[in-house]
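Text of the file query.cif, holding mmCIF, C-alpha atoms:
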data_my_file
loop_
_atom_site.group_PDB
_atom_site.id
_atom_site.type_symbol
_atom_site.label_atom_id
_atom_site.label_comp_id
_atom_site.auth_asym_id
_atom_site.auth_seq_id
_atom_site.Cartn_x
_atom_site.Cartn_y
_atom_site.Cartn_z
ATOM 1 C CA MET W 1 -13.373 -97.976 -6.454
ATOM 2 C CA ILE W 2 -14.324 -100.551 -3.846
ATOM 3 C CA LYS W 3 -12.843 -98.291 -1.159
ATOM 4 C CA ALA W 4 -14.828 -95.345 -2.495
ATOM 5 C CA MET W 5 -18.058 -97.327 -2.430
ATOM 6 C CA LEU W 6 -17.445 -98.467 1.133
ATOM 7 C CA LEU W 7 -16.602 -94.925 2.249
ATOM 8 C CA ALA W 8 -19.754 -93.606 0.575
ATOM 9 C CA SER W 9 -21.892 -96.190 2.325
ATOM 10 C CA MET W 10 -20.288 -95.316 5.674
ATOM 11 C CA VAL W 11 -21.077 -91.635 5.086
ATOM 12 C CA LEU W 12 -24.673 -92.536 4.227
ATOM 13 C CA PHE W 13 -25.040 -94.554 7.416
ATOM 14 C CA VAL W 14 -23.657 -91.629 9.420
ATOM 15 C CA VAL W 15 -26.201 -89.334 7.770
ATOM 16 C CA ALA W 16 -28.962 -91.757 8.747
ATOM 17 C CA ILE W 17 -27.740 -91.822 12.348
ATOM 18 C CA ALA W 18 -27.596 -88.014 12.433
ATOM 19 C CA ILE W 19 -31.201 -87.823 11.231
ATOM 20 C CA ALA W 20 -32.210 -90.319 13.921
ATOM 21 C CA LEU W 21 -30.421 -88.186 16.538
ATOM 22 C CA TYR W 22 -32.455 -85.198 15.421
ATOM 23 C CA SER W 23 -35.553 -87.349 15.749
ATOM 24 C CA ILE W 24 -34.548 -88.338 19.296
ATOM 25 C CA ILE W 25 -34.248 -84.692 20.290
ATOM 26 C CA ARG W 26 -37.473 -83.670 18.595
ATOM 27 C CA GLY W 27 -39.640 -86.757 19.155
ATOM 28 C CA PRO W 28 -42.891 -85.730 20.832
ATOM 29 C CA SER W 29 -43.396 -88.922 22.858
ATOM 30 C CA LEU W 30 -41.229 -91.502 24.550
ATOM 31 C CA PRO W 31 -41.910 -94.339 22.049
ATOM 32 C CA ASP W 32 -40.660 -92.099 19.224
ATOM 33 C CA ARG W 33 -37.373 -91.734 21.023
ATOM 34 C CA VAL W 34 -37.139 -95.454 21.681
ATOM 35 C CA ILE W 35 -37.772 -96.194 18.013
ATOM 36 C CA SER W 36 -35.012 -93.802 17.016
ATOM 37 C CA LEU W 37 -32.634 -95.376 19.546
ATOM 38 C CA ASP W 38 -33.403 -98.815 18.123
ATOM 39 C CA PHE W 39 -32.761 -97.456 14.635
ATOM 40 C CA ILE W 40 -29.387 -96.095 15.764
ATOM 41 C CA GLY W 41 -28.420 -99.444 17.287
ATOM 42 C CA VAL W 42 -29.336 -101.322 14.141
ATOM 43 C CA ASN W 43 -27.396 -98.877 11.996
ATOM 44 C CA LEU W 44 -24.341 -99.194 14.233
ATOM 45 C CA ILE W 45 -24.378 -102.918 13.470
ATOM 46 C CA SER W 46 -24.165 -102.218 9.767
ATOM 47 C CA ILE W 47 -21.459 -99.584 10.250
ATOM 48 C CA ILE W 48 -19.383 -102.205 12.066
ATOM 49 C CA ALA W 49 -19.904 -104.600 9.160
ATOM 50 C CA VAL W 50 -18.787 -101.947 6.656
ATOM 51 C CA THR W 51 -15.737 -101.162 8.801
ATOM 52 C CA SER W 52 -14.822 -104.813 8.904
ATOM 53 C CA VAL W 53 -15.010 -105.052 5.122
ATOM 54 C CA PHE W 54 -13.102 -101.784 4.704
ATOM 55 C CA PHE W 55 -10.107 -102.924 6.752
ATOM 56 C CA HIS W 56 -10.410 -106.441 5.341
ATOM 57 C CA THR W 57 -10.287 -108.066 8.740
ATOM 58 C CA LYS W 58 -12.609 -110.297 10.697
ATOM 59 C CA ALA W 59 -11.723 -108.902 14.096
ATOM 60 C CA PHE W 60 -14.844 -106.737 14.380
ATOM 61 C CA LEU W 61 -17.424 -109.391 13.737
ATOM 62 C CA GLU W 62 -18.069 -110.215 17.399
ATOM 63 C CA VAL W 63 -19.091 -106.616 17.909
ATOM 64 C CA ILE W 64 -22.035 -107.210 15.567
ATOM 65 C CA LEU W 65 -23.433 -109.930 17.801
ATOM 66 C CA ILE W 66 -22.964 -107.973 21.002
ATOM 67 C CA LEU W 67 -24.474 -104.782 19.581
ATOM 68 C CA GLY W 68 -27.448 -106.739 18.267
ATOM 69 C CA ILE W 69 -28.103 -108.314 21.649
ATOM 70 C CA LEU W 70 -27.709 -104.988 23.471
ATOM 71 C CA ALA W 71 -30.046 -103.123 21.106
ATOM 72 C CA PHE W 72 -32.690 -105.838 21.373
ATOM 73 C CA ILE W 73 -32.612 -106.082 25.158
ATOM 74 C CA SER W 74 -32.607 -102.326 25.710
ATOM 75 C CA THR W 75 -35.584 -101.905 23.397
ATOM 76 C CA ILE W 76 -37.481 -104.649 25.204
ATOM 77 C CA ALA W 77 -36.727 -103.148 28.611
ATOM 78 C CA LEU W 78 -37.812 -99.680 27.506
ATOM 79 C CA SER W 79 -41.029 -100.985 25.962
ATOM 80 C CA LYS W 80 -41.857 -102.860 29.140
ATOM 81 C CA TYR W 81 -41.209 -99.679 31.088
ATOM 82 C CA ILE W 82 -43.563 -97.741 28.829
ATOM 83 C CA GLU W 83 -46.246 -100.400 29.040
ATOM 84 C CA ARG W 84 -46.287 -101.194 32.750
ATOM 85 C CA GLY W 85 -44.224 -98.531 34.503
ATOM 86 C CA VAL W 86 -41.738 -101.020 35.926
ATOM 87 C CA ILE W 87 -39.000 -103.082 34.365
ATOM 88 C CA ILE W 88 -38.587 -105.892 36.882
ATOM 89 C CA GLU W 89 -41.849 -107.185 38.277
ATOM 90 C CA ARG W 90 -41.935 -108.827 41.656
ATOM 91 C CA LYS W 91 -44.219 -111.762 42.321
ATOM 92 C CA ARG W 92 -47.514 -110.744 43.823
ATOM 93 C CA HIS W 93 -48.694 -114.202 44.891
ATOM 94 C CA LYS W 94 -46.588 -116.685 46.722
ATOM 95 C CA MET X 1 -11.744 -106.313 -14.574
ATOM 96 C CA ASN X 2 -11.060 -109.882 -13.541
ATOM 97 C CA VAL X 3 -13.124 -112.257 -11.438
ATOM 98 C CA SER X 4 -11.960 -111.181 -7.973
ATOM 99 C CA ASP X 5 -12.697 -107.539 -8.793
ATOM 100 C CA ILE X 6 -16.211 -108.509 -9.799
ATOM 101 C CA ASN X 7 -16.648 -110.441 -6.569
ATOM 102 C CA GLU X 8 -15.514 -107.520 -4.449
ATOM 103 C CA PHE X 9 -17.762 -105.219 -6.456
ATOM 104 C CA LEU X 10 -20.766 -107.453 -5.744
ATOM 105 C CA GLY X 11 -20.292 -107.239 -1.959
ATOM 106 C CA ALA X 12 -19.656 -103.505 -2.022
ATOM 107 C CA LEU X 13 -22.717 -102.940 -4.224
ATOM 108 C CA LEU X 14 -24.967 -104.747 -1.742
ATOM 109 C CA ILE X 15 -23.518 -102.649 1.078
ATOM 110 C CA LEU X 16 -24.102 -99.441 -0.878
ATOM 111 C CA ILE X 17 -27.731 -100.371 -1.624
ATOM 112 C CA GLY X 18 -28.234 -101.106 2.078
ATOM 113 C CA SER X 19 -26.892 -97.705 3.093
ATOM 114 C CA VAL X 20 -29.156 -95.913 0.609
ATOM 115 C CA ILE X 21 -32.184 -97.774 1.979
ATOM 116 C CA SER X 22 -31.113 -96.820 5.498
ATOM 117 C CA VAL X 23 -31.038 -93.130 4.596
ATOM 118 C CA ILE X 24 -34.492 -93.425 3.020
ATOM 119 C CA SER X 25 -35.813 -95.018 6.184
ATOM 120 C CA ALA X 26 -34.277 -92.267 8.340
ATOM 121 C CA TYR X 27 -36.009 -89.729 6.115
ATOM 122 C CA GLY X 28 -39.229 -91.608 6.775
ATOM 123 C CA ILE X 29 -38.663 -91.285 10.515
ATOM 124 C CA ILE X 30 -38.575 -87.503 10.407
ATOM 125 C CA ARG X 31 -41.246 -87.179 7.730
ATOM 126 C CA PHE X 32 -44.129 -89.322 8.976
ATOM 127 C CA PRO X 33 -46.742 -87.785 11.286
ATOM 128 C CA ASP X 34 -47.179 -90.125 14.253
ATOM 129 C CA VAL X 35 -45.407 -92.886 16.127
ATOM 130 C CA TYR X 36 -47.110 -95.794 14.370
ATOM 131 C CA SER X 37 -46.191 -94.760 10.851
ATOM 132 C CA ARG X 38 -42.731 -93.793 12.084
ATOM 133 C CA ALA X 39 -42.269 -97.303 13.385
ATOM 134 C CA HIS X 40 -43.369 -98.585 10.009
ATOM 135 C CA ALA X 41 -40.514 -96.611 8.457
ATOM 136 C CA ALA X 42 -37.978 -97.362 11.158
ATOM 137 C CA THR X 43 -38.316 -101.091 11.669
ATOM 138 C CA LYS X 44 -39.173 -102.645 8.315
ATOM 139 C CA SER X 45 -36.828 -100.792 6.035
ATOM 140 C CA SER X 46 -33.982 -100.649 8.513
ATOM 141 C CA THR X 47 -34.221 -104.428 8.823
ATOM 142 C CA LEU X 48 -33.913 -104.643 5.056
ATOM 143 C CA ALA X 49 -30.956 -102.239 5.081
ATOM 144 C CA VAL X 50 -29.052 -104.132 7.756
ATOM 145 C CA LEU X 51 -29.736 -107.482 6.155
ATOM 146 C CA LEU X 52 -28.468 -106.202 2.801
ATOM 147 C CA THR X 53 -25.331 -104.827 4.451
ATOM 148 C CA LEU X 54 -24.581 -108.000 6.391
ATOM 149 C CA VAL X 55 -25.227 -110.192 3.361
ATOM 150 C CA GLY X 56 -22.891 -107.948 1.380
ATOM 151 C CA ALA X 57 -20.153 -108.357 3.995
ATOM 152 C CA PHE X 58 -20.778 -112.105 4.099
ATOM 153 C CA LEU X 59 -20.520 -112.385 0.321
ATOM 154 C CA TYR X 60 -17.377 -110.235 0.347
ATOM 155 C CA PHE X 61 -15.619 -112.517 2.805
ATOM 156 C CA LEU X 62 -16.966 -115.622 1.072
ATOM 157 C CA LEU X 63 -15.885 -114.612 -2.413
ATOM 158 C CA THR X 64 -12.545 -113.002 -1.649
ATOM 159 C CA GLU X 65 -11.175 -115.264 1.063
ATOM 160 C CA GLY X 66 -13.336 -118.309 0.519
ATOM 161 C CA THR X 67 -14.256 -118.563 4.186
ATOM 162 C CA VAL X 68 -17.755 -118.871 5.573
ATOM 163 C CA SER X 69 -18.062 -116.521 8.523
ATOM 164 C CA ILE X 70 -20.271 -118.157 11.117
ATOM 165 C CA ARG X 71 -20.385 -114.973 13.191
ATOM 166 C CA LEU X 72 -21.857 -113.002 10.302
ATOM 167 C CA LEU X 73 -24.404 -115.755 9.684
ATOM 168 C CA LEU X 74 -25.385 -115.638 13.354
ATOM 169 C CA GLY X 75 -25.658 -111.854 13.153
ATOM 170 C CA ILE X 76 -27.882 -112.081 10.064
ATOM 171 C CA VAL X 77 -30.230 -114.591 11.711
ATOM 172 C CA PHE X 78 -30.301 -112.634 14.955
ATOM 173 C CA VAL X 79 -31.120 -109.288 13.336
ATOM 174 C CA PHE X 80 -33.696 -110.947 11.100
ATOM 175 C CA ILE X 81 -35.499 -112.353 14.129
ATOM 176 C CA THR X 82 -35.140 -109.585 16.702
ATOM 177 C CA SER X 83 -35.600 -106.365 14.746
ATOM 178 C CA PRO X 84 -39.277 -106.881 13.766
ATOM 179 C CA THR X 85 -39.960 -108.286 17.226
ATOM 180 C CA SER X 86 -38.681 -105.200 18.991
ATOM 181 C CA GLY X 87 -40.623 -102.959 16.623
ATOM 182 C CA HIS X 88 -43.806 -104.861 17.392
ATOM 183 C CA LEU X 89 -43.183 -104.679 21.140
ATOM 184 C CA ILE X 90 -42.509 -100.971 21.237
ATOM 185 C CA ILE X 91 -45.575 -100.179 19.155
ATOM 186 C CA ARG X 92 -47.746 -102.378 21.356
ATOM 187 C CA ALA X 93 -46.435 -100.512 24.387
ATOM 188 C CA ALA X 94 -47.127 -97.198 22.668
ATOM 189 C CA TYR X 95 -50.683 -98.265 21.890
ATOM 190 C CA LYS X 96 -51.309 -99.351 25.452
ATOM 191 C CA ALA X 97 -49.843 -96.094 26.747
ATOM 192 C CA ASN X 98 -52.395 -94.223 24.593
ATOM 193 C CA VAL X 99 -49.983 -92.339 22.394
ATOM 194 C CA LYS X 100 -51.949 -90.007 20.158
ATOM 195 C CA ARG X 101 -52.650 -90.990 16.592
ATOM 196 C CA THR X 102 -52.513 -88.453 13.816
ATOM 197 C CA VAL X 103 -55.716 -86.691 12.837
ATOM 198 C CA THR X 104 -55.915 -88.398 9.463
ATOM 199 C CA THR X 105 -56.361 -91.831 11.026
ATOM 200 C CA ILE X 106 -59.580 -93.305 9.711
ATOM 201 C CA VAL X 107 -60.122 -96.617 11.486
ATOM 202 C CA ASP X 108 -58.735 -98.230 14.643
ATOM 203 C CA GLU X 109 -59.526 -101.912 14.463
ATOM 204 C CA LEU X 110 -57.407 -102.824 17.456
ATOM 205 C CA LYS X 111 -59.585 -100.835 19.849
ATOM 206 C CA ASP X 112 -62.572 -103.165 19.421
ATOM 207 C CA ALA X 113 -60.428 -106.232 19.988
ATOM 208 C CA TYR X 114 -58.890 -104.758 23.132
ATOM 209 C CA ASP X 115 -62.280 -103.691 24.481
ATOM 210 C CA GLU X 116 -63.687 -107.160 23.913
ATOM 211 C CA ARG X 117 -60.747 -108.793 25.635
ATOM 212 C CA GLU X 118 -60.970 -106.349 28.499
ATOM 213 C CA LYS X 119 -64.646 -107.233 29.017
ATOM 214 C CA LYS X 120 -63.857 -110.944 28.903
ATOM 215 C CA ASN X 121 -61.042 -110.540 31.425
ATOM 216 C CA HIS X 122 -63.325 -108.561 33.667
ATOM 217 C CA SER X 123 -66.039 -111.249 33.600
ATOM 218 C CA ASP X 124 -63.377 -113.860 34.298
ATOM 219 C CA ILE X 125 -62.215 -111.914 37.318
ATOM 220 C CA THR X 126 -65.732 -111.544 38.716
ATOM 221 C CA GLN X 127 -66.416 -115.223 38.171
ATOM 222 C CA HIS X 128 -63.195 -116.029 39.937
ATOM 223 C CA SER X 129 -64.103 -113.921 42.943
ATOM 224 C CA ARG X 130 -67.479 -115.610 43.074
ATOM 225 C CA TRP X 131 -65.717 -118.916 43.315
ATOM 226 C CA MET X 132 -63.513 -117.562 46.012
ATOM 227 C CA ASP X 133 -66.536 -116.644 48.082
#
Rewritten as structure tokens:
Amino acid sequence: MIKAMLLASMVLFVVAIAIALYSIIRGPSLPDRVISLDFIGVNLISIIAVTSVFFHTKAFLEVILILGILAFISTIALSKYIERGVIIERKRHK
Amino acid sequence: MNVSDINEFLGALLILIGSVISVISAYGIIRFPDVYSRAHAATKSSTLAVLLTLVGAFLYFLLTEGTVSIRLLLGIVFVFITSPTSGHLIIRAAYKANVKRTVTTIVDELKDAYDEREKKNHSDITQHSRWMD
């Protein structure tokens, strides 16, 4: 029964990611797409956690940290790109 | 049903609740009209979903093996801090890039604050150039 519950939650997460993919394709503006990408990254974290519980191992837990950091930094870089048009600003005054 | 079964069931139940909340939030993403309300659906409730899932996994490992997983605790704290922050940042960028609001928007309180700050910045700049002269 535990296995069935974990499998059901994995299927539900995959459904959520599929809906977010549809939203990426449809999204009328760039921030919509970035929001959906952030949603996918956050859901991947939870899928990794469910996988780790399902196989009853702790080997996947580093992946959670790395995916969290990657999702956060990519969202910040994309939002800075939307706001200012550049990602890395050079110094204007010496 | 003995004690260890109940413990496993507790972790799996939290994970299942988290996945249901995640599907509801994805439905909110495709259902809401503009980017601001979509971000409301996508950042708040997905934070709740991920936190429920990670807490479920943490409780599972704590109750079945008796070990406290520091990596899961770090992941919980990290997601709890960064997910609302990134939602705030992307919506601020969208507002500054003048993404259209939906037609049923009644009031935009942020516009007045930005206009006021813009005026203040402008007067600061002119004062500064006067000093430079």
Q. Care to translate the PyMOL selection byres ((chain W and resi 38) around 10) into actual residues of this file, as a ChimeraX atom specification?
A. /W:20,32-37,39-44,68,70-72,74-75 /X:42-43,46,83,86-87,90
Q: Run through the PyMOL selection byres ((chain W) within 9 of (chain X)) on the given coordinates and return the selected residues as an NGL selection string.
A: :W and (1-3 or 5-6 or 8-20 or 22-23 or 27-32 or 34-36 or 38-39 or 42-43 or 45-47 or 49-50 or 52-53 or 56 or 58 or 61-62 or 64-65 or 68-69 or 72-73 or 75-76 or 78-84)
Deliver the residues from the most recent selection as a file, using C-alpha atoms, as a PDB file, in the coordinates of the input.
ATOM      1  CA  MET W   1     -13.373 -97.976  -6.454  1.00  0.00           C
ATOM      2  CA  ILE W   2     -14.324-100.551  -3.846  1.00  0.00           C
ATOM      3  CA  LYS W   3     -12.843 -98.291  -1.159  1.00  0.00           C
ATOM      4  CA  MET W   5     -18.058 -97.327  -2.430  1.00  0.00           C
ATOM      5  CA  LEU W   6     -17.445 -98.467   1.133  1.00  0.00           C
ATOM      6  CA  ALA W   8     -19.754 -93.606   0.575  1.00  0.00           C
ATOM      7  CA  SER W   9     -21.892 -96.190   2.325  1.00  0.00           C
ATOM      8  CA  MET W  10     -20.288 -95.316   5.674  1.00  0.00           C
ATOM      9  CA  VAL W  11     -21.077 -91.635   5.086  1.00  0.00           C
ATOM     10  CA  LEU W  12     -24.673 -92.536   4.227  1.00  0.00           C
ATOM     11  CA  PHE W  13     -25.040 -94.554   7.416  1.00  0.00           C
ATOM     12  CA  VAL W  14     -23.657 -91.629   9.420  1.00  0.00           C
ATOM     13  CA  VAL W  15     -26.201 -89.334   7.770  1.00  0.00           C
ATOM     14  CA  ALA W  16     -28.962 -91.757   8.747  1.00  0.00           C
ATOM     15  CA  ILE W  17     -27.740 -91.822  12.348  1.00  0.00           C
ATOM     16  CA  ALA W  18     -27.596 -88.014  12.433  1.00  0.00           C
ATOM     17  CA  ILE W  19     -31.201 -87.823  11.231  1.00  0.00           C
ATOM     18  CA  ALA W  20     -32.210 -90.319  13.921  1.00  0.00           C
ATOM     19  CA  TYR W  22     -32.455 -85.198  15.421  1.00  0.00           C
ATOM     20  CA  SER W  23     -35.553 -87.349  15.749  1.00  0.00           C
ATOM     21  CA  GLY W  27     -39.640 -86.757  19.155  1.00  0.00           C
ATOM     22  CA  PRO W  28     -42.891 -85.730  20.832  1.00  0.00           C
ATOM     23  CA  SER W  29     -43.396 -88.922  22.858  1.00  0.00           C
ATOM     24  CA  LEU W  30     -41.229 -91.502  24.550  1.00  0.00           C
ATOM     25  CA  PRO W  31     -41.910 -94.339  22.049  1.00  0.00           C
ATOM     26  CA  ASP W  32     -40.660 -92.099  19.224  1.00  0.00           C
ATOM     27  CA  VAL W  34     -37.139 -95.454  21.681  1.00  0.00           C
ATOM     28  CA  ILE W  35     -37.772 -96.194  18.013  1.00  0.00           C
ATOM     29  CA  SER W  36     -35.012 -93.802  17.016  1.00  0.00           C
ATOM     30  CA  ASP W  38     -33.403 -98.815  18.123  1.00  0.00           C
ATOM     31  CA  PHE W  39     -32.761 -97.456  14.635  1.00  0.00           C
ATOM     32  CA  VAL W  42     -29.336-101.322  14.141  1.00  0.00           C
ATOM     33  CA  ASN W  43     -27.396 -98.877  11.996  1.00  0.00           C
ATOM     34  CA  ILE W  45     -24.378-102.918  13.470  1.00  0.00           C
ATOM     35  CA  SER W  46     -24.165-102.218   9.767  1.00  0.00           C
ATOM     36  CA  ILE W  47     -21.459 -99.584  10.250  1.00  0.00           C
ATOM     37  CA  ALA W  49     -19.904-104.600   9.160  1.00  0.00           C
ATOM     38  CA  VAL W  50     -18.787-101.947   6.656  1.00  0.00           C
ATOM     39  CA  SER W  52     -14.822-104.813   8.904  1.00  0.00           C
ATOM     40  CA  VAL W  53     -15.010-105.052   5.122  1.00  0.00           C
ATOM     41  CA  HIS W  56     -10.410-106.441   5.341  1.00  0.00           C
ATOM     42  CA  LYS W  58     -12.609-110.297  10.697  1.00  0.00           C
ATOM     43  CA  LEU W  61     -17.424-109.391  13.737  1.00  0.00           C
ATOM     44  CA  GLU W  62     -18.069-110.215  17.399  1.00  0.00           C
ATOM     45  CA  ILE W  64     -22.035-107.210  15.567  1.00  0.00           C
ATOM     46  CA  LEU W  65     -23.433-109.930  17.801  1.00  0.00           C
ATOM     47  CA  GLY W  68     -27.448-106.739  18.267  1.00  0.00           C
ATOM     48  CA  ILE W  69     -28.103-108.314  21.649  1.00  0.00           C
ATOM     49  CA  PHE W  72     -32.690-105.838  21.373  1.00  0.00           C
ATOM     50  CA  ILE W  73     -32.612-106.082  25.158  1.00  0.00           C
ATOM     51  CA  THR W  75     -35.584-101.905  23.397  1.00  0.00           C
ATOM     52  CA  ILE W  76     -37.481-104.649  25.204  1.00  0.00           C
ATOM     53  CA  LEU W  78     -37.812 -99.680  27.506  1.00  0.00           C
ATOM     54  CA  SER W  79     -41.029-100.985  25.962  1.00  0.00           C
ATOM     55  CA  LYS W  80     -41.857-102.860  29.140  1.00  0.00           C
ATOM     56  CA  TYR W  81     -41.209 -99.679  31.088  1.00  0.00           C
ATOM     57  CA  ILE W  82     -43.563 -97.741  28.829  1.00  0.00           C
ATOM     58  CA  GLU W  83     -46.246-100.400  29.040  1.00  0.00           C
ATOM     59  CA  ARG W  84     -46.287-101.194  32.750  1.00  0.00           C
TER      60      ARG W  84
END
Q: Would you mind reading off the distance between CA of Val103 in chain X and CA of Ile24 in chain W, one decimal, in Å?
A: 22.2 Å
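Coordinates place CA of Ser37 in chain X at a distance of 13.6 Å from CA of Asp108 in chain X.
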Q) Quick one, how far is CA of Lys119 in chain X from CA of Thr102 in chain X? A)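 The value is 27.0 Å.
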How big is the axis-aligned box around the listed atoms of range 63-73 of chain W once 4 Å is added on each side, and where is its centre? Give both in Å to one decimal, as JSON.
{"center_x": -25.9, "center_y": -106.5, "center_z": 20.4, "size_x": 21.6, "size_y": 14.8, "size_z": 17.6}
